[in-house]
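**Q** So here's entry10.tsv, just TSV, C-alpha atoms:
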chain	number	residue	atom	x	y	z
A	1	MET	CA	-7.00	-3.43	-13.54
A	2	TYR	CA	-6.64	-5.49	-16.69
A	3	PHE	CA	-8.72	-8.46	-15.52
A	4	ASN	CA	-11.67	-6.99	-17.42
A	5	SER	CA	-14.39	-8.68	-19.48
A	6	LEU	CA	-12.24	-8.94	-22.61
A	7	PHE	CA	-9.50	-10.56	-20.58
A	8	TRP	CA	-11.88	-13.23	-19.34
A	9	VAL	CA	-13.24	-13.86	-22.83
A	10	LEU	CA	-9.70	-14.50	-24.07
A	11	ILE	CA	-8.92	-16.72	-21.08
A	12	ALA	CA	-12.11	-18.72	-21.70
A	13	VAL	CA	-11.23	-19.19	-25.38
A	14	ALA	CA	-7.67	-20.23	-24.56
A	15	PHE	CA	-8.84	-22.59	-21.80
A	16	THR	CA	-11.32	-24.24	-24.17
A	17	ALA	CA	-8.72	-24.60	-26.91
A	18	LEU	CA	-6.18	-26.13	-24.52
A	19	GLN	CA	-8.66	-28.86	-23.55
A	20	PHE	CA	-8.23	-30.27	-27.06
A	21	VAL	CA	-4.41	-30.18	-26.92
A	22	ALA	CA	-2.61	-33.36	-25.89
A	23	ALA	CA	-0.31	-33.17	-22.87
A	24	ASP	CA	2.76	-33.88	-25.01
A	25	ALA	CA	1.84	-31.36	-27.77
A	26	VAL	CA	4.14	-28.69	-26.36
A	27	ARG	CA	4.43	-26.65	-29.55
A	28	THR	CA	0.65	-26.46	-29.97
A	29	ARG	CA	0.17	-25.43	-26.35
A	30	ALA	CA	2.84	-22.75	-26.75
A	31	ALA	CA	1.17	-21.53	-29.96
A	32	VAL	CA	-2.20	-21.15	-28.18
A	33	LEU	CA	-0.58	-19.19	-25.36
A	34	SER	CA	1.32	-17.04	-27.86
A	35	LEU	CA	-1.91	-16.15	-29.65
A	36	LEU	CA	-3.51	-15.38	-26.28
A	37	GLY	CA	-0.66	-12.98	-25.54
A	38	ILE	CA	-0.91	-11.25	-28.91
A	39	ALA	CA	-4.67	-10.84	-28.62
A	40	GLY	CA	-4.30	-9.61	-25.04
A	41	LEU	CA	-1.75	-6.97	-26.01
A	42	GLY	CA	-4.10	-5.52	-28.58
A	43	LEU	CA	-7.52	-5.96	-26.99
A	44	VAL	CA	-6.85	-5.85	-23.24
A	45	LEU	CA	-3.63	-3.90	-22.72
A	46	LYS	CA	-4.19	-1.81	-25.87
A	47	VAL	CA	-0.52	-1.49	-26.75
A	48	SER	CA	-0.05	1.43	-29.15
A	49	PRO	CA	1.16	0.99	-32.74
A	50	VAL	CA	4.54	2.33	-31.60
A	51	GLY	CA	4.71	-0.27	-28.85
A	52	ALA	CA	3.63	-3.02	-31.23
A	53	GLY	CA	6.33	-1.98	-33.70
A	54	ILE	CA	8.97	-2.04	-30.99
A	55	LEU	CA	7.77	-5.48	-29.92
A	56	VAL	CA	8.11	-6.84	-33.45
A	57	VAL	CA	11.56	-5.34	-34.07
A	58	SER	CA	12.78	-6.33	-30.60
A	59	GLY	CA	11.41	-9.84	-31.01
A	60	LEU	CA	13.19	-10.37	-34.32
A	61	SER	CA	16.44	-8.94	-32.99
A	62	LEU	CA	16.25	-11.04	-29.86
A	63	TRP	CA	15.40	-14.23	-31.75
A	64	LEU	CA	18.31	-13.83	-34.17
A	65	GLY	CA	20.66	-13.07	-31.29
A	66	CYS	CA	19.48	-16.08	-29.33
A	67	ARG	CA	19.97	-18.36	-32.32
A	68	ARG	CA	23.49	-17.07	-32.91
A	69	LEU	CA	24.43	-17.44	-29.27
A	70	ALA	CA	22.92	-20.93	-29.03
A	71	ALA	CA	24.89	-21.99	-32.12
A	72	ASN	CA	28.16	-20.71	-30.64
A	73	SER	CA	28.77	-18.83	-33.88
A	74	SER	CA	30.23	-15.74	-32.26
A	75	ARG	CA	33.30	-15.27	-30.09
A	76	ASP	CA	32.02	-11.96	-28.75
A	77	ALA	CA	29.03	-13.39	-26.90
A	78	MET	CA	28.48	-10.35	-24.69
A	79	GLY	CA	28.60	-7.97	-27.67
A	80	LEU	CA	26.13	-10.11	-29.58
A	81	ALA	CA	23.79	-10.26	-26.57
A	82	LEU	CA	23.86	-6.48	-26.22
A	83	LEU	CA	23.16	-6.10	-29.93
A	84	ALA	CA	20.23	-8.53	-29.68
A	85	ILE	CA	18.66	-6.59	-26.83
A	86	ALA	CA	19.52	-3.13	-28.24
A	87	PRO	CA	16.06	-2.20	-29.72
A	88	LEU	CA	14.23	-3.07	-26.49
A	89	LEU	CA	16.88	-1.45	-24.30
A	90	LEU	CA	16.90	1.74	-26.40
A	91	ALA	CA	13.11	2.04	-26.24
A	92	TRP	CA	13.20	1.50	-22.48
A	93	VAL	CA	15.92	4.10	-21.82
A	94	LEU	CA	14.47	6.74	-24.16
A	95	GLY	CA	10.96	6.14	-22.84
A	96	LYS	CA	12.16	6.57	-19.26
A	97	LEU	CA	13.97	9.79	-20.13
A	98	ALA	CA	10.96	11.07	-22.05
A	99	ILE	CA	8.75	10.67	-18.98
A	100	ALA	CA	11.32	12.32	-16.72
A	101	LEU	CA	11.77	15.25	-19.12
A	102	ASP	CA	8.08	15.41	-20.12
A	103	LEU	CA	8.84	14.75	-23.80
A	104	THR	CA	5.37	13.58	-24.74
A	105	ARG	CA	6.24	12.55	-28.29
A	106	LEU	CA	8.66	9.91	-27.02
A	107	THR	CA	6.65	8.57	-24.07
A	108	PRO	CA	4.91	5.87	-26.21
A	109	LEU	CA	8.31	4.16	-26.35
A	110	LEU	CA	7.75	3.08	-22.76
A	111	PHE	CA	4.78	0.83	-23.49
A	112	VAL	CA	3.17	-1.33	-20.83
A	113	GLY	CA	5.26	-4.33	-19.82
A	114	VAL	CA	8.53	-3.18	-21.41
A	115	SER	CA	10.45	-3.20	-18.11
A	116	TYR	CA	9.52	-6.83	-17.44
A	117	LEU	CA	10.33	-7.79	-21.00
A	118	LEU	CA	13.77	-6.25	-20.67
A	119	VAL	CA	14.63	-8.33	-17.60
A	120	LYS	CA	13.22	-11.51	-19.14
A	121	ALA	CA	15.11	-10.90	-22.39
A	122	TRP	CA	18.45	-10.41	-20.65
A	123	SER	CA	17.81	-13.45	-18.43
A	124	LEU	CA	17.25	-15.61	-21.52
A	125	LEU	CA	20.36	-14.28	-23.27
A	126	LYS	CA	22.47	-14.80	-20.15
A	127	ASP	CA	21.20	-18.37	-19.73
A	128	ILE	CA	22.15	-19.09	-23.33
A	129	MET	CA	25.62	-17.58	-22.82
A	130	ASP	CA	26.06	-19.68	-19.66
A	131	GLY	CA	25.01	-22.87	-21.46
A	132	LYS	CA	21.83	-23.34	-19.41
A	133	VAL	CA	19.61	-23.06	-22.53
A	134	ARG	CA	20.54	-24.43	-25.94
A	135	ASP	CA	17.55	-25.66	-27.92
A	136	LEU	CA	15.06	-22.93	-28.74
A	137	GLU	CA	11.59	-23.35	-30.23
A	138	PRO	CA	9.94	-20.18	-31.62
A	139	PHE	CA	6.50	-20.70	-30.09
A	140	GLU	CA	7.98	-21.49	-26.68
A	141	VAL	CA	10.02	-18.30	-26.73
A	142	ALA	CA	7.03	-16.26	-27.92
A	143	ALA	CA	4.76	-17.74	-25.23
A	144	TYR	CA	7.43	-16.96	-22.63
A	145	PHE	CA	7.61	-13.28	-23.53
A	146	LEU	CA	3.91	-12.78	-24.24
A	147	HIS	CA	2.51	-14.58	-21.20
A	148	LEU	CA	-0.54	-12.37	-20.70
A	149	GLN	CA	-1.33	-13.06	-17.05
A	150	THR	CA	2.07	-11.86	-15.84
A	151	PHE	CA	2.87	-9.39	-18.61
A	152	VAL	CA	2.26	-6.23	-16.56
A	153	LEU	CA	3.09	-7.04	-12.93
A	154	GLY	CA	4.89	-10.35	-12.92
A	155	PRO	CA	5.91	-12.69	-11.36
A	156	MET	CA	8.68	-13.40	-13.86
A	157	HIS	CA	9.75	-16.86	-14.94
A	158	TYR	CA	13.22	-17.75	-16.05
A	159	PHE	CA	12.91	-19.27	-19.52
A	160	GLY	CA	13.88	-22.73	-18.26
A	161	GLU	CA	11.11	-22.60	-15.65
A	162	PHE	CA	8.53	-21.54	-18.23
A	163	ARG	CA	9.60	-24.21	-20.70
A	164	GLU	CA	9.42	-26.87	-17.98
A	165	THR	CA	5.84	-25.95	-17.06
A	166	LEU	CA	4.93	-25.95	-20.77
A	167	ARG	CA	6.22	-29.48	-21.07
A	168	ARG	CA	4.73	-30.59	-17.75
A	169	PRO	CA	1.56	-28.51	-17.41
A	170	TYR	CA	-0.02	-27.79	-14.06
A	171	ALA	CA	-2.51	-30.58	-13.40
A	172	LEU	CA	-6.10	-29.38	-12.97
A	173	THR	CA	-7.26	-31.85	-10.36
A	174	GLY	CA	-10.29	-31.13	-8.21
A	175	GLU	CA	-8.04	-30.02	-5.36
A	176	ALA	CA	-6.06	-27.78	-7.72
A	177	LEU	CA	-9.23	-26.10	-9.00
A	178	VAL	CA	-10.34	-25.34	-5.44
A	179	ASP	CA	-6.89	-23.91	-4.70
A	180	ILE	CA	-7.01	-21.78	-7.86
A	181	PHE	CA	-10.42	-20.40	-6.90
A	182	PHE	CA	-9.40	-19.48	-3.37
A	183	ARG	CA	-6.09	-18.01	-4.57
A	184	PHE	CA	-7.93	-15.73	-6.96
A	185	VAL	CA	-10.52	-14.72	-4.35
A	186	LEU	CA	-7.69	-13.98	-1.91
A	187	GLY	CA	-6.12	-11.68	-4.50
A	188	LEU	CA	-9.43	-9.90	-5.08
A	189	PHE	CA	-9.91	-9.44	-1.33
A	190	LYS	CA	-6.43	-7.99	-0.91
A	191	VAL	CA	-6.77	-5.53	-3.80
A	192	TYR	CA	-10.40	-4.42	-3.58
A	193	ALA	CA	-11.24	-4.75	0.12
A	194	LEU	CA	-8.15	-4.29	2.28
A	195	ASP	CA	-6.09	-2.18	-0.12
A	196	GLY	CA	-8.98	0.14	-0.93
A	197	LEU	CA	-9.70	0.60	2.78
A	198	LEU	CA	-6.13	1.59	3.71
A	199	ALA	CA	-5.01	3.56	0.65
A	200	PRO	CA	-6.57	6.93	1.63
A	201	ILE	CA	-4.61	7.08	4.90
A	202	SER	CA	-1.33	5.98	3.32
A	203	LEU	CA	1.25	7.98	1.39
A	204	LEU	CA	-1.11	7.84	-1.59
A	205	GLY	CA	-3.46	10.15	0.29
A	206	LEU	CA	-0.68	12.72	0.74
A	207	THR	CA	0.36	13.16	-2.89
A	208	GLY	CA	-1.91	16.20	-3.31
A	209	ALA	CA	-1.01	17.90	-0.02
A	210	GLU	CA	0.87	21.21	-0.18
A	211	ARG	CA	2.73	20.61	3.07
A	212	ILE	CA	3.07	17.42	5.15
A	213	ASP	CA	3.97	17.24	8.82
A	214	LEU	CA	6.43	14.58	9.93
A	215	GLY	CA	3.97	12.59	12.06
A	216	THR	CA	1.41	12.29	9.26
A	217	LEU	CA	4.19	11.36	6.85
A	218	LEU	CA	5.47	8.50	9.02
A	219	ILE	CA	1.97	7.14	9.64
A	220	GLY	CA	1.30	7.29	5.91
A	221	ALA	CA	4.58	5.48	5.22
A	222	PHE	CA	3.84	2.62	7.60
A	223	VAL	CA	0.32	2.22	6.24
A	224	TYR	CA	1.61	2.37	2.66
A	225	SER	CA	3.84	-0.63	3.41
A	226	PHE	CA	0.69	-2.70	3.77
A	227	VAL	CA	-1.11	-0.97	0.89
A	228	LEU	CA	1.67	-1.76	-1.58
A	229	TYR	CA	2.06	-5.31	-0.32
A	230	LEU	CA	-1.68	-6.00	-0.52
A	231	ASP	CA	-1.95	-4.48	-3.98
A	232	PHE	CA	1.13	-6.10	-5.50
A	233	SER	CA	0.80	-9.52	-3.86
A	234	GLY	CA	-2.95	-9.49	-4.58
A	235	TYR	CA	-2.38	-9.04	-8.31
A	236	CYS	CA	0.31	-11.73	-8.18
A	237	ASP	CA	-2.15	-14.09	-6.46
A	238	MET	CA	-4.65	-13.53	-9.27
A	239	ALA	CA	-1.99	-13.88	-11.98
A	240	ILE	CA	-0.75	-17.14	-10.45
A	241	ALA	CA	-4.29	-18.50	-10.19
A	242	VAL	CA	-5.27	-17.68	-13.78
A	243	SER	CA	-1.94	-18.97	-15.12
A	244	ARG	CA	-2.45	-22.28	-13.37
A	245	LEU	CA	-5.92	-22.49	-14.88
A	246	LEU	CA	-4.17	-22.59	-18.27
A	247	GLY	CA	-1.61	-25.12	-17.08
A	248	ILE	CA	1.25	-22.68	-16.40
A	249	ASP	CA	2.72	-22.84	-12.92
A	250	VAL	CA	4.15	-19.46	-11.89
A	251	PRO	CA	6.87	-18.86	-9.26
A	252	GLU	CA	5.83	-17.26	-5.98
A	253	ASN	CA	6.72	-13.58	-5.73
A	254	PHE	CA	6.28	-12.90	-2.00
A	255	ASN	CA	7.11	-14.79	1.18
A	256	TRP	CA	5.86	-12.71	4.12
A	257	PRO	CA	8.44	-9.96	3.48
A	258	TYR	CA	7.55	-7.87	6.52
A	259	LEU	CA	8.54	-10.75	8.79
A	260	ALA	CA	12.14	-10.40	7.58
A	261	SER	CA	14.63	-9.78	10.37
A	262	SER	CA	17.16	-7.96	8.16
A	263	ILE	CA	17.12	-5.86	5.00
A	264	ARG	CA	18.95	-8.61	3.14
A	265	GLU	CA	16.30	-11.13	4.14
A	266	PHE	CA	13.61	-8.65	3.10
A	267	TRP	CA	14.95	-8.65	-0.46
A	268	ARG	CA	14.89	-12.44	-0.47
A	269	ARG	CA	11.18	-12.32	0.38
A	270	TRP	CA	9.98	-9.24	-1.59
A	271	HIS	CA	9.33	-9.38	-5.36
A	272	ILE	CA	11.33	-12.59	-5.35
A	273	THR	CA	11.48	-13.17	-9.09
A	274	PHE	CA	12.84	-9.68	-9.76
A	275	SER	CA	15.20	-9.74	-6.76
A	276	ARG	CA	16.85	-12.95	-7.94
A	277	ALA	CA	17.33	-11.44	-11.41
A	278	LEU	CA	18.95	-8.35	-9.87
A	279	THR	CA	21.26	-10.56	-7.83
A	280	ALA	CA	22.20	-12.91	-10.67
A	281	HIS	CA	22.58	-10.40	-13.50
A	282	ILE	CA	23.76	-7.20	-11.83
A	283	PHE	CA	24.98	-7.59	-8.24
A	284	ILE	CA	27.06	-10.77	-8.60
A	285	PRO	CA	28.80	-9.83	-11.91
A	286	LEU	CA	29.42	-6.29	-10.64
A	287	THR	CA	30.88	-7.34	-7.28
A	288	ARG	CA	33.08	-9.97	-8.91
A	289	LYS	CA	34.66	-7.30	-11.10
A	290	LEU	CA	35.04	-4.96	-8.15
A	291	GLN	CA	36.64	-7.70	-6.02
A	292	ARG	CA	39.28	-8.30	-8.68
A	293	ARG	CA	40.22	-4.62	-8.44
A	294	TRP	CA	39.80	-4.01	-4.70
A	295	SER	CA	40.19	-7.47	-3.17
A	296	ARG	CA	41.35	-6.02	0.15
A	297	SER	CA	38.47	-3.57	0.48
A	298	PRO	CA	35.30	-5.63	1.04
A	299	ALA	CA	33.48	-2.59	2.46
A	300	LEU	CA	34.13	-0.58	-0.71
A	301	VAL	CA	33.08	-3.51	-2.92
A	302	SER	CA	29.88	-3.87	-0.89
A	303	VAL	CA	29.00	-0.18	-1.11
A	304	LEU	CA	29.71	0.09	-4.84
A	305	GLY	CA	27.99	-3.23	-5.63
A	306	TYR	CA	24.79	-2.32	-3.81
A	307	THR	CA	24.84	1.25	-5.14
A	308	GLY	CA	25.11	0.14	-8.75
A	309	THR	CA	22.48	-2.57	-8.32
A	310	PHE	CA	19.92	-0.42	-6.56
A	311	LEU	CA	20.41	2.63	-8.75
A	312	PHE	CA	19.33	0.34	-11.58
A	313	CYS	CA	16.51	-1.02	-9.41
A	314	GLY	CA	15.30	2.52	-8.67
A	315	TYR	CA	15.52	3.56	-12.32
A	316	TRP	CA	13.72	0.38	-13.36
A	317	HIS	CA	10.77	1.44	-11.21
A	318	GLY	CA	10.80	5.08	-12.31
A	319	SER	CA	13.09	7.60	-13.97
A	320	THR	CA	12.56	10.54	-11.62
A	321	ALA	CA	14.97	11.47	-8.83
A	322	ASN	CA	12.84	10.12	-5.98
A	323	PHE	CA	13.15	6.56	-7.32
A	324	LEU	CA	16.94	6.90	-7.43
A	325	LEU	CA	16.85	8.13	-3.83
A	326	TRP	CA	14.77	5.10	-2.92
A	327	GLY	CA	17.38	2.86	-4.56
A	328	LEU	CA	20.21	4.59	-2.68
A	329	TRP	CA	18.29	4.21	0.59
A	330	HIS	CA	18.20	0.43	0.16
A	331	ALA	CA	21.81	0.32	-1.06
A	332	ALA	CA	22.89	2.12	2.12
A	333	GLY	CA	20.84	-0.26	4.27
A	334	LEU	CA	22.29	-3.36	2.63
A	335	ALA	CA	25.86	-2.03	2.78
A	336	ALA	CA	25.40	-1.17	6.48
A	337	HIS	CA	24.03	-4.67	7.14
A	338	ASP	CA	27.06	-6.22	5.44
A	339	ALA	CA	29.42	-4.01	7.47
A	340	TRP	CA	27.69	-5.03	10.70
A	341	THR	CA	27.89	-8.71	9.74
A	342	ARG	CA	31.62	-8.45	8.96
A	343	ASN	CA	32.23	-6.69	12.27
A	344	GLN	CA	30.39	-9.42	14.19
A	345	ARG	CA	32.44	-12.09	12.45
A	346	ARG	CA	35.71	-10.32	13.27
A	347	ARG	CA	34.64	-10.27	16.92
A	348	GLY	CA	33.88	-13.98	16.77
A	349	ILE	CA	30.14	-13.51	17.39
A	350	LYS	CA	28.00	-16.07	15.60
A	351	PRO	CA	24.48	-15.11	14.40
A	352	SER	CA	23.00	-17.93	16.46
A	353	ALA	CA	24.42	-16.32	19.60
A	354	GLN	CA	22.16	-13.31	19.06
A	355	SER	CA	19.00	-15.25	18.32
A	356	GLY	CA	15.98	-15.23	20.57
A	357	VAL	CA	12.37	-14.14	20.51
A	358	PHE	CA	13.05	-10.60	21.72
A	359	ARG	CA	16.03	-10.03	19.41
A	360	ASN	CA	14.17	-11.40	16.38
A	361	ALA	CA	11.16	-9.21	17.17
A	362	LEU	CA	13.40	-6.15	17.49
A	363	ASP	CA	15.24	-6.90	14.25
A	364	THR	CA	11.97	-7.48	12.41
A	365	THR	CA	10.51	-4.22	13.73
A	366	LEU	CA	13.61	-2.22	12.74
A	367	THR	CA	13.65	-3.81	9.27
A	368	PHE	CA	9.98	-3.00	8.76
A	369	ALA	CA	10.57	0.59	9.90
A	370	PHE	CA	13.54	0.98	7.54
A	371	VAL	CA	11.59	-0.35	4.55
A	372	SER	CA	8.55	1.78	5.42
A	373	VAL	CA	10.55	5.01	5.59
A	374	GLY	CA	12.06	4.11	2.23
A	375	TRP	CA	8.60	4.08	0.63
A	376	ILE	CA	8.46	7.86	1.24
A	377	PHE	CA	11.08	8.31	-1.50
A	378	PHE	CA	9.28	5.78	-3.68
A	379	VAL	CA	5.94	7.63	-3.63
A	380	LEU	CA	6.62	11.34	-3.15
A	381	PRO	CA	8.46	13.44	-5.75
A	382	VAL	CA	11.47	15.45	-4.62
A	383	ASP	CA	9.62	18.78	-4.59
A	384	LYS	CA	7.18	17.35	-2.02
A	385	LEU	CA	10.00	15.85	0.03
A	386	LEU	CA	11.47	19.35	0.32
A	387	ARG	CA	8.20	20.66	1.76
A	388	ILE	CA	8.00	18.21	4.65
A	389	GLY	CA	7.46	20.02	7.94
A	390	TRP	CA	10.40	18.84	10.03
Could you show the structure in this file as C-alpha cells?
**A**
Amino acid sequence: MYFNSLFWVLIAVAFTALQFVAADAVRTRAAVLSLLGIAGLGLVLKVSPVGAGILVVSGLSLWLGCRRLAANSSRDAMGLALLAIAPLLLAWVLGKLAIALDLTRLTPLLFVGVSYLLVKAWSLLKDIMDGKVRDLEPFEVAAYFLHLQTFVLGPMHYFGEFRETLRRPYALTGEALVDIFFRFVLGLFKVYALDGLLAPISLLGLTGAERIDLGTLLIGAFVYSFVLYLDFSGYCDMAIAVSRLLGIDVPENFNWPYLASSIREFWRRWHITFSRALTAHIFIPLTRKLQRRWSRSPALVSVLGYTGTFLFCGYWHGSTANFLLWGLWHAAGLAAHDAWTRNQRRRGIKPSAQSGVFRNALDTTLTFAFVSVGWIFFVLPVDKLLRIGW
C-alpha cells in the first residue's frame, strides 16, 4: 500500500500549489505534477538508484526519439521508435529474466512501475508514428510518465487523454468533491474490508500448502476471482479519486467484468486501459500481418494472434512459467470463442437469435468459471500445479 503518510503529505503540497495555478497555465500545472511524481518515486515508492538511473536514461532516449519522430526526420520510423524505447525495454526484459532465474544482482532492473511505463512509452511512440500526436511539451510528457497516483497499478492514460485533462482539468465542484470522497472510501472498503475477509479462503491461502485437493482448489479459484477484482478495482478507485482531486481525470479500468457473457467481452471489461493497449499495439498489428500471409485460414490467424498477444500479456504480469500458462489459457478461450462465432455465422445463426435471460445467465456463468479456473495458473507456480490431488 503506497497511500501512506508521505504520499498524503505530497498530495497536500501539490493540491495547495495547484490552487495558485491558473486554469490555462498548462505548463505550470504539468511542472507541479512532474515534481510530485519525482518526489513520490524517491520518498514513497523508494525507487533504487539503479531504477532512478534507468528512468533518467530511458527518459532522455524516449524524449529524443519522440522529437525525431514528431519532426518526421527519419524514414525508418519503427527502427527509431525501437531505439528510443531500447533502454527501458532492455531493463524490463533483463529484470524479468533475473527474477525467473533468481539472479539477484540484476533484479533491481525491474523497478516498480517499469511494466506500466513500457506500455505507456510504446503507446506514445505509436501515436506519434500514426500522426495522432505532433506537438510535445517536456513537462507534459514528464507528468504523463510520472503520474504518481497511477504509477504502480494504473489505470493507464493514452498521452492524448492525459494532455487533454491537463488542458481541461477536472472541475472540483461541490458535487465532484462528494463523488471523490465516496469513490475513495469505496476503494478502501473493497481493499481493506471485503478483500481482507475473503483472501484467506482464496488461492492466496493455498500458496503454502504441500498438496491441494481439487475441490479446495476450485473453491479457492472462484473466491480469488472476487479477491483480485476487489483488490485491483479498489486501488483503481482510490487512484482515480486522488487524481481527480488534483484535476486529472483518469479512465475507468473496470466495468463489471464478471457480468461478461463471453471471454471476449470479459477482456473489454477487465483492466480496460491495458486491454485496449494490447489490442491496439499487439493483436491488431500481428493479425494484420498474419492475414496477409494466411488470408484463407482465419482460424489459424485467430489462434496465432491470440497466442502471441497473450503470451506477451502473461509475461508482462510475470516471467515464470505459470504466467505463460495463464496467457495460453486465455488465448485458447478467445480462439475457441472466435471459432464458435464463425461457425454460427456460417450456419446463418444471428447472435440475437440466441439471446434470452436463461442463455445470458448460462453464458455469464460459464465465462466466470473459465476466468476463475485461469486464475489457478496466475497464482500457483508450476511445481504446485503438479502436486494437485486429481
**Q** Using all atoms listed in the file, list the residues that have an atom at most 12 Å from (13.7, -12.3, -5.2), coordinates as in the file, as a PDB file with C-alpha atoms, in the coordinates of the input.
**A**
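Saved result, result_3.pdb, follows:
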ATOM      1  CA  GLY A 154       4.890 -10.350 -12.920  1.00  0.00           C
ATOM      2  CA  PRO A 155       5.910 -12.690 -11.360  1.00  0.00           C
ATOM      3  CA  MET A 156       8.680 -13.400 -13.860  1.00  0.00           C
ATOM      4  CA  HIS A 157       9.750 -16.860 -14.940  1.00  0.00           C
ATOM      5  CA  PRO A 251       6.870 -18.860  -9.260  1.00  0.00           C
ATOM      6  CA  GLU A 252       5.830 -17.260  -5.980  1.00  0.00           C
ATOM      7  CA  ASN A 253       6.720 -13.580  -5.730  1.00  0.00           C
ATOM      8  CA  PHE A 254       6.280 -12.900  -2.000  1.00  0.00           C
ATOM      9  CA  ASN A 255       7.110 -14.790   1.180  1.00  0.00           C
ATOM     10  CA  PRO A 257       8.440  -9.960   3.480  1.00  0.00           C
ATOM     11  CA  ARG A 264      18.950  -8.610   3.140  1.00  0.00           C
ATOM     12  CA  GLU A 265      16.300 -11.130   4.140  1.00  0.00           C
ATOM     13  CA  PHE A 266      13.610  -8.650   3.100  1.00  0.00           C
ATOM     14  CA  TRP A 267      14.950  -8.650  -0.460  1.00  0.00           C
ATOM     15  CA  ARG A 268      14.890 -12.440  -0.470  1.00  0.00           C
ATOM     16  CA  ARG A 269      11.180 -12.320   0.380  1.00  0.00           C
ATOM     17  CA  TRP A 270       9.980  -9.240  -1.590  1.00  0.00           C
ATOM     18  CA  HIS A 271       9.330  -9.380  -5.360  1.00  0.00           C
ATOM     19  CA  ILE A 272      11.330 -12.590  -5.350  1.00  0.00           C
ATOM     20  CA  THR A 273      11.480 -13.170  -9.090  1.00  0.00           C
ATOM     21  CA  PHE A 274      12.840  -9.680  -9.760  1.00  0.00           C
ATOM     22  CA  SER A 275      15.200  -9.740  -6.760  1.00  0.00           C
ATOM     23  CA  ARG A 276      16.850 -12.950  -7.940  1.00  0.00           C
ATOM     24  CA  ALA A 277      17.330 -11.440 -11.410  1.00  0.00           C
ATOM     25  CA  LEU A 278      18.950  -8.350  -9.870  1.00  0.00           C
ATOM     26  CA  THR A 279      21.260 -10.560  -7.830  1.00  0.00           C
ATOM     27  CA  ALA A 280      22.200 -12.910 -10.670  1.00  0.00           C
TER      28      ALA A 280
END
**Q** In Å, how far is it from atom CA of A:Tyr158 to atom CA of A:Thr107?
**A**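 Calculated distance between atom CA of A:Tyr158 and atom CA of A:Thr107 is 28.3 Å.
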**Q** Rounded to one decimal place, report the atom CA of A:Leu146-atom CA of A:Gly37 distance in Å.
**A**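 Separation of atom CA of A:Leu146 and atom CA of A:Gly37: 4.8 Å.
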**Q** Quick check, in Å to one decimal: how far apart do atom CA of A:Leu325 and atom CA of A:Leu386 lie?
**A**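 Going from atom CA of A:Leu325 over to atom CA of A:Leu386, I get 13.1 Å.
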**Q** Please check which residues have atoms at most 10 Å from (6.8, -18.9, -20.2) in the file's coordinates, counting all atoms listed in the file, and write them as a list in words.
**A**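 Here the neighbourhood of the point contains Ala30, Leu33, Ser34, Lys120, Glu140, Val141, Ala142, Ala143, Tyr144, Phe145, Leu146, His147, Leu148, Thr150, Met156, His157, Tyr158, Phe159, Gly160, Glu161, Phe162, Arg163, Glu164, Thr165, Leu166, Ile248, Asp249 and Val250 of chain A.
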**Q** Determine, counting only C-alpha atoms, which protein, DNA and RNA residues have an atom within 12 Å of an atom of A:Ala12; residues of the same chain fewer than 4 positions away are not included. Present the result as a PDB file with C-alpha atoms, in the coordinates of the input.
**A**
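For reference, selection_16.pdb as written:
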ATOM      1  CA  SER A   5     -14.390  -8.680 -19.480  1.00  0.00           C
ATOM      2  CA  LEU A   6     -12.240  -8.940 -22.610  1.00  0.00           C
ATOM      3  CA  PHE A   7      -9.500 -10.560 -20.580  1.00  0.00           C
ATOM      4  CA  TRP A   8     -11.880 -13.230 -19.340  1.00  0.00           C
ATOM      5  CA  THR A  16     -11.320 -24.240 -24.170  1.00  0.00           C
ATOM      6  CA  ALA A  17      -8.720 -24.600 -26.910  1.00  0.00           C
ATOM      7  CA  LEU A  18      -6.180 -26.130 -24.520  1.00  0.00           C
ATOM      8  CA  GLN A  19      -8.660 -28.860 -23.550  1.00  0.00           C
ATOM      9  CA  LEU A  36      -3.510 -15.380 -26.280  1.00  0.00           C
ATOM     10  CA  VAL A 242      -5.270 -17.680 -13.780  1.00  0.00           C
ATOM     11  CA  LEU A 245      -5.920 -22.490 -14.880  1.00  0.00           C
ATOM     12  CA  LEU A 246      -4.170 -22.590 -18.270  1.00  0.00           C
TER      13      LEU A 246
END
**Q** Compile the contact shell of A:Leu110 as a PyMOL selection string: residues with an atom at most 8 Å away, counting all atoms listed in the file, same-chain residues fewer than 5 positions apart removed.
**A** chain A and resi 51+91-92+94-96
**Q** Complete stretch 217-224 of chain A at the level of N, CA and C atoms, written as an mmCIF file, keeping the file's coordinate frame.
**A**
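Output below, filename out_7.cif:
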data_model
loop_
_atom_site.group_PDB
_atom_site.id
_atom_site.type_symbol
_atom_site.label_atom_id
_atom_site.label_comp_id
_atom_site.auth_asym_id
_atom_site.auth_seq_id
_atom_site.Cartn_x
_atom_site.Cartn_y
_atom_site.Cartn_z
ATOM 1 N N LEU A 217 3.367 12.018 7.864
ATOM 2 C CA LEU A 217 4.190 11.360 6.850
ATOM 3 C C LEU A 217 4.584 9.948 7.300
ATOM 4 N N LEU A 218 5.026 9.808 8.539
ATOM 5 C CA LEU A 218 5.470 8.500 9.020
ATOM 6 C C LEU A 218 4.303 7.530 9.129
ATOM 7 N N ILE A 219 3.148 8.015 9.599
ATOM 8 C CA ILE A 219 1.970 7.140 9.640
ATOM 9 C C ILE A 219 1.607 6.689 8.233
ATOM 10 N N GLY A 220 1.603 7.634 7.296
ATOM 11 C CA GLY A 220 1.300 7.290 5.910
ATOM 12 C C GLY A 220 2.275 6.282 5.335
ATOM 13 N N ALA A 221 3.568 6.405 5.724
ATOM 14 C CA ALA A 221 4.580 5.480 5.220
ATOM 15 C C ALA A 221 4.363 4.070 5.731
ATOM 16 N N PHE A 222 4.059 3.950 7.030
ATOM 17 C CA PHE A 222 3.840 2.620 7.600
ATOM 18 C C PHE A 222 2.577 1.973 7.028
ATOM 19 N N VAL A 223 1.546 2.767 6.836
ATOM 20 C CA VAL A 223 0.320 2.220 6.240
ATOM 21 C C VAL A 223 0.566 1.836 4.784
ATOM 22 N N TYR A 224 1.336 2.657 4.079
ATOM 23 C CA TYR A 224 1.610 2.370 2.660
ATOM 24 C C TYR A 224 2.353 1.039 2.496
#
